[in-house]
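One structure below.
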Amino acid sequence: MSRTSICADCRREVLWTVTESGKRLAVDPDPDPTGNAAVYRDGLGAYRSRRPSEDLPLMGYERLHVPHVATCPDRRGTPAPARSASLPPGVSDLAAYRLKSRRRP
């Protein structure tokens, strides 16, 4: 059972994992030795991820992956295009708020 899907921002394939704290983390599907997320499959087949440390280094059954947020070209801080027309008085521009809320994990 594949846990891959497509990133809504850049349309690349991502692998969804569950961190030790129970949050979802998208990682690039191919292992990368420069990554900082140790990914493994638990006994039920779910992909789990954690951050290796000196106390608990990378285990033999884990592979390093790069979190997708680090490689996604559309999430690397590219500024939103400037608006050419000013808004009428009393109208707020929500583009910055929408961009910020869309980037929450």
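Here's how to read the names in the structure tokens: chain A, B, ... by the order shown, residue numbers from 1 in each chain, ligand numbers from 1 in the order shown.
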Near-stretch 52-63 of chain A list (6 Å; only C-alpha atoms; drop same-chain fewer than 5 positions) as a tab-separated table (two decimals) with all heavy atoms, in the first residue's frame:
chain	number	residue	atom	x	y	z
A	38	ALA	N	14.71	10.16	9.61
A	38	ALA	CA	14.87	8.71	9.52
A	38	ALA	C	13.49	8.10	9.31
A	38	ALA	O	12.61	8.26	10.14
A	38	ALA	CB	15.51	8.17	10.79
A	39	VAL	N	13.29	7.42	8.19
A	39	VAL	CA	11.98	6.87	7.83
A	39	VAL	C	12.05	5.35	7.86
A	39	VAL	O	13.01	4.74	7.38
A	39	VAL	CB	11.55	7.37	6.43
A	39	VAL	CG1	10.24	6.73	6.00
A	39	VAL	CG2	11.44	8.88	6.43
A	40	TYR	N	11.01	4.75	8.44
A	40	TYR	CA	10.89	3.29	8.49
A	40	TYR	C	9.41	2.92	8.46
A	40	TYR	O	8.55	3.77	8.63
A	40	TYR	CB	11.57	2.73	9.74
A	40	TYR	CG	10.94	3.18	11.03
A	40	TYR	CD1	10.01	2.40	11.69
A	40	TYR	CD2	11.28	4.41	11.59
A	40	TYR	CE1	9.42	2.81	12.86
A	40	TYR	CE2	10.70	4.83	12.78
A	40	TYR	CZ	9.77	4.02	13.41
A	40	TYR	OH	9.19	4.44	14.58
>> Need to verify the contact set: A:Asp42, 12 Å, only C-alpha atoms, exclusion of same-chain residues closer than 3 positions in sequence. Can you return it as JSON, numbers by chain?
In response: {"A": [17, 18, 19, 20, 39, 45, 46, 47, 48, 49, 61, 62]}
Could you please take those selected residues and save N, CA and C atoms as an mmCIF file, in the first residue's frame?
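New file selection.cif:
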data_model
loop_
_atom_site.group_PDB
_atom_site.id
_atom_site.type_symbol
_atom_site.label_atom_id
_atom_site.label_comp_id
_atom_site.auth_asym_id
_atom_site.auth_seq_id
_atom_site.Cartn_x
_atom_site.Cartn_y
_atom_site.Cartn_z
ATOM 1 N N THR A 17 4.571 10.547 6.167
ATOM 2 C CA THR A 17 4.975 9.779 7.335
ATOM 3 C C THR A 17 4.288 10.358 8.567
ATOM 4 N N VAL A 18 4.378 9.628 9.669
ATOM 5 C CA VAL A 18 3.882 10.099 10.958
ATOM 6 C C VAL A 18 5.089 10.211 11.878
ATOM 7 N N THR A 19 5.272 11.385 12.497
ATOM 8 C CA THR A 19 6.415 11.619 13.374
ATOM 9 C C THR A 19 6.186 10.974 14.735
ATOM 10 N N GLU A 20 7.209 11.032 15.581
ATOM 11 C CA GLU A 20 7.095 10.475 16.924
ATOM 12 C C GLU A 20 6.030 11.189 17.748
ATOM 13 N N VAL A 39 13.292 7.417 8.189
ATOM 14 C CA VAL A 39 11.983 6.873 7.830
ATOM 15 C C VAL A 39 12.047 5.349 7.857
ATOM 16 N N GLY A 45 2.736 -1.487 8.721
ATOM 17 C CA GLY A 45 2.988 -1.001 7.375
ATOM 18 C C GLY A 45 2.929 0.504 7.217
ATOM 19 N N ALA A 46 2.693 1.230 8.303
ATOM 20 C CA ALA A 46 2.652 2.695 8.238
ATOM 21 C C ALA A 46 4.071 3.251 8.226
ATOM 22 N N TYR A 47 4.262 4.327 7.478
ATOM 23 C CA TYR A 47 5.568 4.974 7.441
ATOM 24 C C TYR A 47 5.697 5.888 8.654
ATOM 25 N N ARG A 48 6.787 5.725 9.385
ATOM 26 C CA ARG A 48 7.083 6.540 10.562
ATOM 27 C C ARG A 48 8.370 7.305 10.303
ATOM 28 N N SER A 49 8.504 8.454 10.945
ATOM 29 C CA SER A 49 9.732 9.230 10.795
ATOM 30 C C SER A 49 10.139 9.788 12.143
ATOM 31 N N TYR A 61 17.322 -0.501 9.804
ATOM 32 C CA TYR A 61 16.071 -0.600 9.047
ATOM 33 C C TYR A 61 15.531 0.765 8.626
ATOM 34 N N GLU A 62 16.210 1.845 8.975
ATOM 35 C CA GLU A 62 15.763 3.195 8.632
ATOM 36 C C GLU A 62 16.565 3.742 7.458
#
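Taking atom CA of A:Cys72 as the reference point, atom CA of A:Arg41 is found at 23.8 Å.
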> Quick one: distance from atom CA of A:Pro31 to atom CA of A:Ala8 in Å, one decimal?
Replying inline: 21.2 Å
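Minimum atom-to-atom distances from A:Leu87, A:Ala37, A:Leu94, A:Ala26 to A:Ser5 were compared using only C-alpha atoms, and the lowest value belongs to A:Ala26.
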> What lies within 10 Å of A:Val27 using only C-alpha atoms, ignoring chain neighbours under 2 positions off, as a list in words?
Replying inline: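 Counting only C-alpha atoms, the residues come to Thr4, Glu13, Val14, Leu15, Trp16, Thr17, Arg24, Leu25, Pro29, Asp30, Pro31, Gly35, Ala37, Val39, Ser49, Leu64, His65, Val66, Pro67, His68, Val69, Ala70 and Thr71 of chain A.
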> What is the distance between atom CA of A:Cys7 and atom CA of A:Asp74, in Å to one decimal?
Replying inline: 9.9 Å
>> Residues of stretch 17-91 of chain A classed as alpha helix (DSSP H) by DSSP on the backbone are to be reported as a count of residues only.
In response: 4
